[in-house]
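The structure file start.txt is reproduced below (compact mmCIF, C-alpha atoms and all ligand atoms).
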```
# COMPACT_ATOMS: atom_id res chain seq x y z
CA MET Q 1 32.31 46.61 -56.37
CA ILE Q 2 31.85 43.41 -54.41
CA PRO Q 3 34.86 41.14 -54.73
CA ARG Q 4 34.09 37.99 -56.60
CA PHE Q 5 35.05 35.63 -53.78
CA LYS Q 6 32.52 37.39 -51.56
CA ILE Q 7 29.73 36.65 -54.05
CA LEU Q 8 30.85 33.06 -54.25
CA PHE Q 9 30.79 32.92 -50.47
CA LEU Q 10 27.31 34.34 -50.42
CA ILE Q 11 26.01 31.78 -52.91
CA VAL Q 12 27.67 28.89 -51.12
CA GLY Q 13 26.31 30.25 -47.85
CA LEU Q 14 22.79 30.49 -49.23
CA ILE Q 15 22.79 26.98 -50.65
CA PHE Q 16 24.27 25.61 -47.44
CA GLY Q 17 21.80 27.55 -45.35
CA VAL Q 18 18.71 26.46 -47.26
CA HIS Q 19 19.94 22.92 -47.43
CA CYS Q 20 20.84 22.52 -43.80
CA ARG Q 21 18.36 24.74 -42.05
CA SER Q 22 16.18 22.63 -39.92
CA ALA Q 23 12.59 23.64 -39.32
CA ARG Q 24 11.61 23.48 -35.68
CA VAL Q 25 8.01 23.10 -34.61
CA GLY Q 26 7.09 23.43 -30.96
CA GLN Q 27 3.56 23.28 -29.58
CA ALA Q 28 1.94 22.96 -26.18
CA GLU Q 29 -1.53 21.93 -25.13
CA THR Q 30 -3.19 20.94 -21.88
CA LEU Q 31 -4.17 17.28 -22.16
CA MET Q 32 -4.55 14.48 -19.63
CA GLY Q 33 -4.67 17.12 -16.92
CA THR Q 34 -1.17 18.32 -17.65
CA LEU Q 35 0.84 20.40 -20.07
CA VAL Q 36 1.89 18.37 -23.09
CA GLU Q 37 4.75 19.92 -25.07
CA ILE Q 38 5.94 18.55 -28.37
CA THR Q 39 8.98 19.79 -30.26
CA ALA Q 40 10.30 18.36 -33.50
CA GLU Q 41 12.89 19.28 -36.09
CA GLY Q 42 13.41 18.34 -39.70
CA ARG Q 43 14.05 19.83 -43.12
CA ASP Q 44 10.49 20.03 -44.33
CA HIS Q 45 8.47 22.37 -42.17
CA LYS Q 46 5.12 21.08 -43.46
CA LEU Q 47 6.01 17.48 -42.79
CA VAL Q 48 7.26 18.25 -39.28
CA GLU Q 49 4.13 20.25 -38.53
CA ALA Q 50 1.87 17.46 -39.74
CA ARG Q 51 3.72 14.94 -37.60
CA VAL Q 52 3.46 17.13 -34.51
CA ALA Q 53 -0.30 17.39 -35.08
CA LEU Q 54 -0.50 13.61 -35.37
CA ALA Q 55 1.51 13.20 -32.18
CA PHE Q 56 -0.99 15.37 -30.26
CA GLU Q 57 -3.80 13.28 -31.73
CA GLU Q 58 -2.12 10.18 -30.33
CA VAL Q 59 -2.10 11.69 -26.83
CA ARG Q 60 -5.81 12.48 -27.13
CA ARG Q 61 -6.53 8.97 -28.37
CA VAL Q 62 -4.68 7.27 -25.51
CA ASP Q 63 -6.46 9.55 -23.05
CA ARG Q 64 -9.84 8.54 -24.48
CA LEU Q 65 -8.95 4.88 -24.03
CA ILE Q 66 -7.52 4.80 -20.54
CA SER Q 67 -8.63 7.82 -18.57
CA THR Q 68 -10.70 7.02 -15.50
CA PHE Q 69 -11.94 10.60 -15.52
CA ARG Q 70 -13.95 9.73 -18.60
CA GLU Q 71 -17.11 7.72 -18.18
CA ASP Q 72 -16.83 6.45 -21.75
CA SER Q 73 -13.23 5.21 -21.61
CA GLU Q 74 -12.56 1.49 -21.89
CA LEU Q 75 -11.03 1.55 -18.44
CA SER Q 76 -14.20 3.00 -16.93
CA ARG Q 77 -16.16 0.22 -18.59
CA ILE Q 78 -13.94 -2.40 -16.96
CA ASN Q 79 -14.54 -0.74 -13.59
CA ARG Q 80 -18.29 -0.59 -14.05
CA ALA Q 81 -18.35 -4.29 -14.86
CA ALA Q 82 -16.43 -5.30 -11.73
CA GLY Q 83 -17.98 -8.42 -10.23
CA VAL Q 84 -20.29 -8.73 -13.24
CA ALA Q 85 -18.56 -9.68 -16.47
CA PRO Q 86 -15.32 -9.55 -18.45
CA VAL Q 87 -15.04 -6.54 -20.76
CA GLN Q 88 -13.70 -6.61 -24.29
CA VAL Q 89 -11.00 -3.96 -24.72
CA SER Q 90 -8.70 -2.76 -27.47
CA PRO Q 91 -5.21 -4.28 -27.77
CA GLU Q 92 -3.62 -1.12 -26.42
CA VAL Q 93 -5.62 -1.12 -23.20
CA LEU Q 94 -4.79 -4.79 -22.78
CA GLU Q 95 -1.13 -4.01 -23.34
CA ALA Q 96 -1.10 -1.12 -20.83
CA ILE Q 97 -2.70 -3.36 -18.21
CA GLU Q 98 -0.33 -6.25 -18.89
CA ARG Q 99 2.67 -3.96 -18.61
CA SER Q 100 1.32 -2.62 -15.33
CA LEU Q 101 0.97 -6.16 -14.02
CA GLU Q 102 4.54 -6.90 -14.98
CA VAL Q 103 5.76 -3.89 -12.94
CA SER Q 104 3.55 -5.05 -10.05
CA ARG Q 105 5.27 -8.40 -10.13
CA LEU Q 106 8.77 -6.92 -10.30
CA SER Q 107 8.08 -4.29 -7.65
CA ASP Q 108 6.62 -6.78 -5.20
CA GLY Q 109 3.22 -5.17 -5.48
CA ALA Q 110 4.36 -1.60 -4.71
CA PHE Q 111 3.02 -0.63 -8.11
CA ASP Q 112 -0.58 -1.74 -8.35
CA ILE Q 113 -3.24 -0.28 -10.63
CA SER Q 114 -5.92 -1.92 -8.47
CA TYR Q 115 -4.95 0.52 -5.67
CA ALA Q 116 -7.91 2.46 -7.06
CA ALA Q 117 -10.38 0.51 -4.90
CA LEU Q 118 -9.15 2.89 -2.19
CA GLY Q 119 -10.41 5.73 -4.37
CA GLY Q 120 -12.30 8.45 -2.52
CA LEU Q 121 -11.05 7.46 0.92
CA TRP Q 122 -8.15 9.81 0.50
CA ASP Q 123 -9.35 12.88 -1.31
CA PHE Q 124 -6.66 14.82 -3.12
CA SER Q 125 -9.01 16.94 -5.18
CA GLY Q 126 -9.51 19.55 -2.50
CA GLU Q 127 -13.26 19.34 -3.11
CA LYS Q 128 -14.15 17.73 0.21
CA PRO Q 129 -12.75 18.52 3.65
CA ALA Q 130 -9.69 16.33 4.00
CA ARG Q 131 -9.61 13.69 6.72
CA VAL Q 132 -7.53 10.68 7.58
CA PRO Q 133 -9.71 7.59 7.03
CA GLU Q 134 -10.34 5.20 9.91
CA ALA Q 135 -8.23 2.04 9.98
CA ALA Q 136 -11.38 -0.10 9.55
CA GLU Q 137 -12.40 1.81 6.43
CA ILE Q 138 -8.98 1.28 4.92
CA ALA Q 139 -9.01 -2.42 5.82
CA ALA Q 140 -12.40 -2.90 4.16
CA ARG Q 141 -11.22 -1.30 0.93
CA LEU Q 142 -7.90 -3.13 0.94
CA LYS Q 143 -9.81 -6.39 0.50
CA ARG Q 144 -10.54 -5.24 -3.04
CA VAL Q 145 -6.96 -4.26 -3.85
CA GLY Q 146 -4.67 -6.85 -5.39
CA TRP Q 147 -3.05 -6.98 -8.81
CA ARG Q 148 -3.00 -10.79 -8.81
CA ARG Q 149 -6.79 -10.81 -8.97
CA ILE Q 150 -6.98 -8.85 -12.21
CA GLN Q 151 -7.98 -11.34 -14.89
CA VAL Q 152 -6.59 -10.68 -18.33
CA ASP Q 153 -7.54 -13.05 -21.10
CA ARG Q 154 -5.24 -12.22 -23.95
CA SER Q 155 -6.80 -14.49 -26.55
CA ALA Q 156 -10.32 -13.29 -25.79
CA GLY Q 157 -9.09 -9.69 -25.45
CA THR Q 158 -10.91 -9.20 -22.16
CA VAL Q 159 -10.25 -7.87 -18.68
CA PHE Q 160 -12.28 -8.92 -15.66
CA LEU Q 161 -12.35 -7.65 -12.10
CA PRO Q 162 -13.90 -10.54 -10.19
CA GLU Q 163 -15.35 -8.59 -7.27
CA ALA Q 164 -17.68 -5.62 -7.08
CA GLY Q 165 -15.82 -2.63 -5.70
CA MET Q 166 -12.56 -3.52 -7.43
CA ARG Q 167 -11.24 -0.72 -9.62
CA LEU Q 168 -8.34 -0.02 -11.95
CA ASP Q 169 -6.60 3.28 -12.51
CA LEU Q 170 -3.76 3.76 -14.96
CA GLY Q 171 -2.86 7.25 -13.76
CA ALA Q 172 0.67 6.20 -12.91
CA ILE Q 173 1.46 4.93 -16.41
CA ALA Q 174 -0.99 6.70 -18.73
CA LYS Q 175 1.08 9.77 -19.45
CA GLY Q 176 4.16 7.72 -20.14
CA TYR Q 177 2.18 5.46 -22.44
CA ALA Q 178 0.80 8.48 -24.31
CA VAL Q 179 4.28 9.99 -24.63
CA ASP Q 180 5.48 6.75 -26.24
CA ARG Q 181 2.64 6.77 -28.76
CA ALA Q 182 3.23 10.43 -29.57
CA LEU Q 183 6.92 9.82 -30.09
CA ALA Q 184 6.19 6.92 -32.44
CA ALA Q 185 4.26 9.35 -34.64
CA LEU Q 186 7.35 11.56 -34.81
CA LYS Q 187 9.93 8.87 -35.46
CA VAL Q 188 9.59 8.90 -39.24
CA PRO Q 189 11.87 9.78 -42.15
CA GLY Q 190 12.10 13.55 -42.34
CA VAL Q 191 12.10 14.16 -38.60
CA ASP Q 192 15.61 14.45 -37.16
CA ARG Q 193 14.97 15.29 -33.53
CA ALA Q 194 11.89 15.21 -31.34
CA LEU Q 195 10.97 15.66 -27.71
CA VAL Q 196 7.60 14.90 -26.14
CA THR Q 197 6.89 15.95 -22.57
CA ALA Q 198 3.74 15.44 -20.53
CA GLY Q 199 3.98 16.82 -17.02
CA GLY Q 200 6.78 14.90 -15.40
CA ASP Q 201 7.31 12.45 -18.25
CA LEU Q 202 9.30 12.87 -21.42
CA ARG Q 203 10.87 10.95 -24.26
CA ALA Q 204 13.45 12.06 -26.77
CA PHE Q 205 14.34 11.01 -30.27
CA THR Q 206 17.62 11.99 -31.91
CA ARG Q 207 18.95 10.70 -35.21
CA PRO Q 208 22.62 9.70 -35.17
CA GLY Q 209 24.82 12.80 -35.48
CA GLU Q 210 22.13 15.15 -34.20
CA LYS Q 211 22.45 17.13 -30.98
CA PRO Q 212 21.20 15.47 -27.81
CA TRP Q 213 18.42 17.07 -25.78
CA ARG Q 214 19.35 18.81 -22.58
CA ILE Q 215 16.80 18.68 -19.83
CA GLY Q 216 16.64 19.91 -16.28
CA ILE Q 217 15.54 18.01 -13.21
CA GLN Q 218 13.74 20.05 -10.62
CA ASP Q 219 14.91 19.72 -7.05
CA PRO Q 220 12.10 18.05 -5.06
CA ALA Q 221 13.29 19.70 -1.88
CA ARG Q 222 13.51 23.22 -3.31
CA ARG Q 223 11.20 23.71 -6.21
CA ASP Q 224 12.71 27.02 -7.30
CA ARG Q 225 15.95 25.22 -8.02
CA LEU Q 226 17.26 22.65 -10.44
CA LEU Q 227 18.84 19.56 -9.09
CA GLY Q 228 20.89 19.16 -12.22
CA GLU Q 229 20.91 18.79 -15.97
CA LEU Q 230 20.96 15.73 -18.12
CA GLU Q 231 21.66 15.01 -21.78
CA ILE Q 232 19.51 12.41 -23.47
CA GLN Q 233 19.25 11.14 -27.01
CA ASN Q 234 16.88 8.23 -27.39
CA GLN Q 235 15.53 7.67 -23.93
CA ALA Q 236 12.65 8.48 -21.68
CA VAL Q 237 12.69 10.21 -18.31
CA ALA Q 238 9.89 10.29 -15.77
CA THR Q 239 9.55 11.83 -12.37
CA SER Q 240 7.11 11.36 -9.55
CA GLY Q 241 6.81 13.43 -6.43
CA GLN Q 242 4.54 13.22 -3.44
CA TYR Q 243 4.11 16.98 -3.19
CA GLU Q 244 2.76 17.63 -6.70
CA ARG Q 245 -0.63 16.53 -5.40
CA PHE Q 246 -1.24 16.18 -1.70
CA VAL Q 247 -3.63 17.08 1.10
CA GLU Q 248 -2.64 18.67 4.34
CA ILE Q 249 -4.42 17.38 7.44
CA GLN Q 250 -3.53 18.90 10.79
CA GLY Q 251 -0.23 20.18 9.53
CA ARG Q 252 0.79 16.89 7.97
CA ARG Q 253 1.10 16.29 4.26
CA TYR Q 254 -0.32 13.20 2.60
CA GLY Q 255 0.78 12.56 -0.98
CA HIS Q 256 -1.28 11.07 -3.81
CA ILE Q 257 0.77 7.91 -4.31
CA LEU Q 258 -0.62 5.21 -2.08
CA ASP Q 259 1.11 2.17 -0.72
CA PRO Q 260 -1.22 -0.63 -1.88
CA ARG Q 261 -0.08 -2.80 0.99
CA THR Q 262 -1.11 -0.39 3.74
CA GLY Q 263 -3.72 1.69 1.94
CA ARG Q 264 -1.95 4.82 3.15
CA PRO Q 265 0.07 7.45 1.30
CA ALA Q 266 3.65 6.34 0.69
CA GLU Q 267 6.24 8.09 2.82
CA GLY Q 268 9.99 8.40 2.90
CA VAL Q 269 10.67 9.60 -0.65
CA LEU Q 270 10.35 13.18 -1.83
CA GLY Q 271 10.80 12.47 -5.49
CA ALA Q 272 12.10 9.89 -7.94
CA THR Q 273 13.41 10.27 -11.46
CA VAL Q 274 13.75 7.25 -13.72
CA ILE Q 275 15.45 6.90 -17.10
CA ALA Q 276 14.38 4.05 -19.35
CA GLY Q 277 14.09 3.18 -23.01
CA GLU Q 278 10.36 3.80 -23.06
CA ALA Q 279 8.28 6.37 -21.19
CA TRP Q 280 5.62 3.96 -19.87
CA GLU Q 281 8.34 2.02 -18.06
CA ALA Q 282 10.03 5.12 -16.63
CA ASP Q 283 6.62 6.41 -15.53
CA ALA Q 284 5.60 3.19 -13.80
CA TRP Q 285 8.91 2.80 -12.00
CA ALA Q 286 9.01 6.42 -10.85
CA THR Q 287 5.71 5.76 -9.07
CA ALA Q 288 6.88 2.38 -7.75
CA LEU Q 289 10.02 3.94 -6.26
CA LEU Q 290 7.96 6.39 -4.24
CA VAL Q 291 6.34 3.39 -2.56
CA LEU Q 292 9.43 1.18 -2.32
CA GLY Q 293 11.86 3.75 -0.92
CA PRO Q 294 15.52 4.06 -1.93
CA GLU Q 295 17.09 0.79 -0.77
CA GLN Q 296 14.36 -1.61 -1.77
CA GLY Q 297 13.61 0.44 -4.88
CA ILE Q 298 17.11 0.35 -6.32
CA LYS Q 299 17.33 -3.34 -5.52
CA LEU Q 300 14.17 -4.23 -7.41
CA LEU Q 301 14.65 -1.87 -10.37
CA PRO Q 302 15.24 -3.88 -13.58
CA SER Q 303 19.00 -4.04 -14.06
CA PRO Q 304 20.83 -1.12 -15.56
CA PRO Q 305 22.09 0.00 -18.08
CA GLY Q 306 18.60 0.04 -19.57
CA ILE Q 307 17.02 1.68 -16.59
CA GLU Q 308 18.46 4.17 -14.11
CA ALA Q 309 17.06 6.05 -11.17
CA LEU Q 310 17.66 8.93 -8.82
CA ILE Q 311 15.70 9.02 -5.59
CA VAL Q 312 15.62 11.94 -3.20
CA ASP Q 313 14.57 10.77 0.24
CA ALA Q 314 12.58 12.68 2.84
CA LYS Q 315 15.78 14.03 4.35
CA GLY Q 316 16.89 15.38 0.98
CA ARG Q 317 19.59 12.74 0.46
CA TRP Q 318 20.26 11.39 -3.03
CA HIS Q 319 20.28 7.73 -3.94
CA ALA Q 320 21.21 6.97 -7.54
CA THR Q 321 22.07 3.94 -9.63
CA PRO Q 322 25.75 4.06 -10.61
CA GLY Q 323 25.05 4.75 -14.27
CA LEU Q 324 23.01 7.84 -13.50
CA ALA Q 325 25.06 9.56 -10.82
CA GLY Q 326 27.77 10.43 -13.35
CA ARG Q 327 25.34 11.71 -15.95
CA ILE Q 328 23.77 14.45 -13.87
CA GLN Q 329 25.59 17.69 -14.33
CA PRO Q 330 25.46 20.29 -11.62
CA ALA Q 331 25.61 24.04 -12.26
CA PRO Q 332 22.24 24.32 -13.93
CA SER Q 333 22.09 26.95 -16.59
CA PRO Q 334 19.05 29.20 -16.91
CA SER Q 335 18.71 28.28 -20.58
CA VAL Q 336 17.52 24.72 -20.10
CA PRO Q 337 14.64 24.35 -22.54
CA PHE Q 338 12.62 21.80 -20.64
CA LEU Q 339 12.13 21.54 -16.96
CA PHE Q 340 10.20 18.69 -15.68
CA ARG Q 341 8.65 18.77 -12.34
CA LEU Q 342 9.41 16.33 -9.62
P1 LIG N 401 1.70 12.09 -11.76
O1 LIG N 401 0.51 11.49 -12.41
O2 LIG N 401 1.39 13.07 -10.68
O3 LIG N 401 2.72 12.59 -12.70
P2 LIG N 401 2.62 9.44 -11.17
O4 LIG N 401 3.01 9.04 -12.52
O5 LIG N 401 3.56 9.05 -10.09
O6 LIG N 401 2.44 10.98 -10.97
O7 LIG N 401 1.20 8.81 -10.88
C1 LIG N 401 0.53 9.04 -9.70
C2 LIG N 401 -0.85 8.48 -9.85
O8 LIG N 401 -0.78 7.06 -9.86
C3 LIG N 401 -1.76 8.80 -8.70
O9 LIG N 401 -2.38 10.03 -8.86
C4 LIG N 401 -2.73 7.63 -8.77
O10 LIG N 401 -3.66 7.85 -9.80
C5 LIG N 401 -1.87 6.48 -9.19
N1 LIG N 401 -1.31 5.67 -8.09
C6 LIG N 401 -1.20 6.01 -6.79
N2 LIG N 401 -0.60 5.05 -6.09
C7 LIG N 401 -0.31 4.05 -6.96
C8 LIG N 401 0.32 2.77 -6.84
N3 LIG N 401 0.81 2.32 -5.69
N4 LIG N 401 0.43 2.01 -7.97
C9 LIG N 401 -0.05 2.44 -9.14
N5 LIG N 401 -0.65 3.64 -9.31
C10 LIG N 401 -0.77 4.44 -8.24
MG MG N 402 4.22 7.36 -12.83
```
In structure tokens, write the structure found in this file.
Ligand code: ADP
Ligand code: MG
Amino acid sequence: MIPRFKILFLIVGLIFGVHCRSARVGQAETLMGTLVEITAEGRDHKLVEARVALAFEEVRRVDRLISTFREDSELSRINRAAGVAPVQVSPEVLEAIERSLEVSRLSDGAFDISYAALGGLWDFSGEKPARVPEAAEIAARLKRVGWRRIQVDRSAGTVFLPEAGMRLDLGAIAKGYAVDRALAALKVPGVDRALVTAGGDLRAFTRPGEKPWRIGIQDPARRDRLLGELEIQNQAVATSGQYERFVEIQGRRYGHILDPRTGRPAEGVLGATVIAGEAWEADAWATALLVLGPEQGIKLLPSPPGIEALIVDAKGRWHATPGLAGRIQPAPSPSVPFLFRL
């Protein structure tokens, strides 16, 4: 015979279990040229699943609006109309461009979505034989680069590039922006924890009392190794690295982040990780830091505590804002659920 207290225990256990068990939904899909992973937890499995589906839809929607790989995106329309006419765009595209301009201003032009006028000179696709462009070619293209020349008319809802040959590319902010939109779809009653990652960008959501997310930062100098682990609750983290996409010309590597002031690939930083409240901001600054370098970069970064950074320079040395240095835990465990690539 089963003792009565054991039965009671069983019933209490069952009620407790059903009541507290949290459904976890995790899905991955290749979007925006990278792996997008979305994980969410909550009591009601159906609700969580529906929200995860909606979050993926948000990523697709943002991609359709701002990808320059798509002929039909609003951004491509702005580029086609360069030197011709202002283009009416949706409020979100306007917002993404305005935020980019704000980072341009703060970063002294290191971050500049009009860098794209240099497009094609440096070929990182591997489709054409790689070559270092002539100085004169770079100089000619640089005449069309300049964030101050981008004309945004907020009341008319238009964007205008005043000279033919000017071009915008939101590649350095698009994934972060999409991660923010996806997370907004998950931040609803019934979802207790969520994590959205897209390549090197991620954002977490954790209701008070819930477990934080533990993420790993890949070492930019040794990619088989973690640089450390980090716990986050309601923040975004983004990383940029010059060696994720690069071309090798005569034994020298040229990374895909260009210095808009010289028209040449930025040098001196291997990788940068930025923590911020929102993913678009972390994403933009991670790119800016690659151009600015450690000293200038940390100086220009909007003041902590809101935003923190870790920069690994070309010699493998770390430069971190004070608030971040203490948060990175060494001794990486193999069980880290999410690695993001520098
Ligand atoms: P990834 O897209 O590889 O994760 P980033 O977020 O750092 O990395 O974005 C890099 C992309 O940003 C480049 O591929 C290019 O499209 C764009 N870009 C390159 N240089 C700049 C720059 N100085 N300012 C703004 N965008 C840039
Ligand atoms: Mg970026």
Exercise answer, 7 Å around ligand MG 402 (chain N) with all atoms listed in the file, as a ChimeraX atom specification: /Q:172-173,239-240,283-287
Have a look at CA of Val274 (chain Q) and CA of Ala238 (chain Q) and let me know their distance in Å, one decimal. 5.3 Å
Give me the chain Q side of the contact with ligand LIG 401 (chain N), cut-off 9 Å, one line per residue showing its nearest atom pair and distance in Å at one decimal, counting all atoms listed in the file, sorted by chain and residue number, as CSV.
```
residue,atom,partner,partner_atom,distance
Q:Gly33,CA,N:LIG401,O1,8.9
Q:Thr34,CA,N:LIG401,O3,8.5
Q:Ser100,CA,N:LIG401,C9,8.1
Q:Ser104,CA,N:LIG401,N4,8.0
Q:Gly109,CA,N:LIG401,N3,7.9
Q:Ala110,CA,N:LIG401,N3,5.4
Q:Phe111,CA,N:LIG401,N4,3.7
Q:Asp112,CA,N:LIG401,N4,3.9
Q:Ile113,CA,N:LIG401,C9,4.4
Q:Ser114,CA,N:LIG401,C9,7.3
Q:Tyr115,CA,N:LIG401,C8,5.8
Q:Ala116,CA,N:LIG401,O10,7.4
Q:Gly119,CA,N:LIG401,O10,8.9
Q:Phe124,CA,N:LIG401,O9,8.6
Q:Leu168,CA,N:LIG401,N5,8.9
Q:Asp169,CA,N:LIG401,O10,6.1
Q:Leu170,CA,N:LIG401,N5,6.5
Q:Gly171,CA,N:LIG401,O10,4.1
Q:Ala172,CA,N:LIG401,O7,3.3
Q:Ile173,CA,N:LIG401,O4,5.9
Q:Ala174,CA,N:LIG401,O4,7.7
Q:Lys175,CA,N:LIG401,O4,7.2
Q:Gly176,CA,N:LIG401,O4,7.8
Q:Ala198,CA,N:LIG401,O3,8.4
Q:Gly199,CA,N:LIG401,O3,6.2
Q:Gly200,CA,N:LIG401,O3,5.4
Q:Asp201,CA,N:LIG401,O3,7.2
Q:Ala238,CA,N:LIG401,O4,7.7
Q:Thr239,CA,N:LIG401,O3,6.9
Q:Ser240,CA,N:LIG401,O5,4.3
Q:Gly241,CA,N:LIG401,O5,6.6
Q:Gln242,CA,N:LIG401,O2,7.9
Q:Tyr243,CA,N:LIG401,O2,8.9
Q:Glu244,CA,N:LIG401,O2,6.2
Q:Arg245,CA,N:LIG401,O2,6.6
Q:Gly255,CA,N:LIG401,O9,8.9
Q:His256,CA,N:LIG401,O9,5.3
Q:Ile257,CA,N:LIG401,N2,3.6
Q:Leu258,CA,N:LIG401,N2,4.0
Q:Asp259,CA,N:LIG401,N3,5.0
Q:Pro260,CA,N:LIG401,N3,5.2
Q:Arg261,CA,N:LIG401,N3,8.5
Q:Gly263,CA,N:LIG401,N3,8.9
Q:Pro265,CA,N:LIG401,N2,7.8
Q:Ala266,CA,N:LIG401,N3,8.1
Q:Ala272,CA,N:LIG401,O5,8.8
Q:Asp283,CA,N:LIG401,O4,5.4
Q:Ala284,CA,N:LIG401,O4,6.5
Q:Trp285,CA,N:LIG401,O5,8.4
Q:Ala286,CA,N:LIG401,O5,6.1
Q:Thr287,CA,N:LIG401,O5,4.1
Q:Ala288,CA,N:LIG401,N3,6.4
Q:Leu290,CA,N:LIG401,O5,7.8
Q:Val291,CA,N:LIG401,N3,6.4
Q:Arg341,CA,N:LIG401,O3,8.6
Q:Leu342,CA,N:LIG401,O3,8.3
```
Once you have the residues from the selection above, write them out as a PDB file, in the frame of the given file, restricted to C-alpha atoms.
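In the end it all went to result22.pdb:
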```
ATOM      1  CA  GLY Q  33      -4.670  17.120 -16.920  1.00  0.00           C
ATOM      2  CA  THR Q  34      -1.170  18.320 -17.650  1.00  0.00           C
ATOM      3  CA  SER Q 100       1.320  -2.620 -15.330  1.00  0.00           C
ATOM      4  CA  SER Q 104       3.550  -5.050 -10.050  1.00  0.00           C
ATOM      5  CA  GLY Q 109       3.220  -5.170  -5.480  1.00  0.00           C
ATOM      6  CA  ALA Q 110       4.360  -1.600  -4.710  1.00  0.00           C
ATOM      7  CA  PHE Q 111       3.020  -0.630  -8.110  1.00  0.00           C
ATOM      8  CA  ASP Q 112      -0.580  -1.740  -8.350  1.00  0.00           C
ATOM      9  CA  ILE Q 113      -3.240  -0.280 -10.630  1.00  0.00           C
ATOM     10  CA  SER Q 114      -5.920  -1.920  -8.470  1.00  0.00           C
ATOM     11  CA  TYR Q 115      -4.950   0.520  -5.670  1.00  0.00           C
ATOM     12  CA  ALA Q 116      -7.910   2.460  -7.060  1.00  0.00           C
ATOM     13  CA  GLY Q 119     -10.410   5.730  -4.370  1.00  0.00           C
ATOM     14  CA  PHE Q 124      -6.660  14.820  -3.120  1.00  0.00           C
ATOM     15  CA  LEU Q 168      -8.340  -0.020 -11.950  1.00  0.00           C
ATOM     16  CA  ASP Q 169      -6.600   3.280 -12.510  1.00  0.00           C
ATOM     17  CA  LEU Q 170      -3.760   3.760 -14.960  1.00  0.00           C
ATOM     18  CA  GLY Q 171      -2.860   7.250 -13.760  1.00  0.00           C
ATOM     19  CA  ALA Q 172       0.670   6.200 -12.910  1.00  0.00           C
ATOM     20  CA  ILE Q 173       1.460   4.930 -16.410  1.00  0.00           C
ATOM     21  CA  ALA Q 174      -0.990   6.700 -18.730  1.00  0.00           C
ATOM     22  CA  LYS Q 175       1.080   9.770 -19.450  1.00  0.00           C
ATOM     23  CA  GLY Q 176       4.160   7.720 -20.140  1.00  0.00           C
ATOM     24  CA  ALA Q 198       3.740  15.440 -20.530  1.00  0.00           C
ATOM     25  CA  GLY Q 199       3.980  16.820 -17.020  1.00  0.00           C
ATOM     26  CA  GLY Q 200       6.780  14.900 -15.400  1.00  0.00           C
ATOM     27  CA  ASP Q 201       7.310  12.450 -18.250  1.00  0.00           C
ATOM     28  CA  ALA Q 238       9.890  10.290 -15.770  1.00  0.00           C
ATOM     29  CA  THR Q 239       9.550  11.830 -12.370  1.00  0.00           C
ATOM     30  CA  SER Q 240       7.110  11.360  -9.550  1.00  0.00           C
ATOM     31  CA  GLY Q 241       6.810  13.430  -6.430  1.00  0.00           C
ATOM     32  CA  GLN Q 242       4.540  13.220  -3.440  1.00  0.00           C
ATOM     33  CA  TYR Q 243       4.110  16.980  -3.190  1.00  0.00           C
ATOM     34  CA  GLU Q 244       2.760  17.630  -6.700  1.00  0.00           C
ATOM     35  CA  ARG Q 245      -0.630  16.530  -5.400  1.00  0.00           C
ATOM     36  CA  GLY Q 255       0.780  12.560  -0.980  1.00  0.00           C
ATOM     37  CA  HIS Q 256      -1.280  11.070  -3.810  1.00  0.00           C
ATOM     38  CA  ILE Q 257       0.770   7.910  -4.310  1.00  0.00           C
ATOM     39  CA  LEU Q 258      -0.620   5.210  -2.080  1.00  0.00           C
ATOM     40  CA  ASP Q 259       1.110   2.170  -0.720  1.00  0.00           C
ATOM     41  CA  PRO Q 260      -1.220  -0.630  -1.880  1.00  0.00           C
ATOM     42  CA  ARG Q 261      -0.080  -2.800   0.990  1.00  0.00           C
ATOM     43  CA  GLY Q 263      -3.720   1.690   1.940  1.00  0.00           C
ATOM     44  CA  PRO Q 265       0.070   7.450   1.300  1.00  0.00           C
ATOM     45  CA  ALA Q 266       3.650   6.340   0.690  1.00  0.00           C
ATOM     46  CA  ALA Q 272      12.100   9.890  -7.940  1.00  0.00           C
ATOM     47  CA  ASP Q 283       6.620   6.410 -15.530  1.00  0.00           C
ATOM     48  CA  ALA Q 284       5.600   3.190 -13.800  1.00  0.00           C
ATOM     49  CA  TRP Q 285       8.910   2.800 -12.000  1.00  0.00           C
ATOM     50  CA  ALA Q 286       9.010   6.420 -10.850  1.00  0.00           C
ATOM     51  CA  THR Q 287       5.710   5.760  -9.070  1.00  0.00           C
ATOM     52  CA  ALA Q 288       6.880   2.380  -7.750  1.00  0.00           C
ATOM     53  CA  LEU Q 290       7.960   6.390  -4.240  1.00  0.00           C
ATOM     54  CA  VAL Q 291       6.340   3.390  -2.560  1.00  0.00           C
ATOM     55  CA  ARG Q 341       8.650  18.770 -12.340  1.00  0.00           C
ATOM     56  CA  LEU Q 342       9.410  16.330  -9.620  1.00  0.00           C
TER      57      LEU Q 342
END
```
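In this model, the gap between CA of Ala236 (chain Q) and CA of Gly190 (chain Q) comes to 21.3 Å.
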Choose the residue, out of Q:Ala23, Q:Leu118, Q:Ile150, Q:Ala135, that has the smallest atom-to-atom separation from Glu41 (chain Q); count all atoms listed in the file. Q:Ala23
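Note that the spacing between CA of Ala164 (chain Q) and CA of Glu137 (chain Q) amounts to 16.3 Å.
If only C-alpha atoms are the atoms counted, then among Q:Ala182, Q:Val87, Q:Ala136, Q:Leu121 the closest residue to Ala194 (chain Q) is Q:Ala182.
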For each of Q:Gly120, Q:Leu186, Q:Ala85, Q:Lys299, take the minimum atom-to-atom distance to Glu58 (chain Q), counting all atoms listed in the file, then give the residue where this is smallest. Q:Leu186
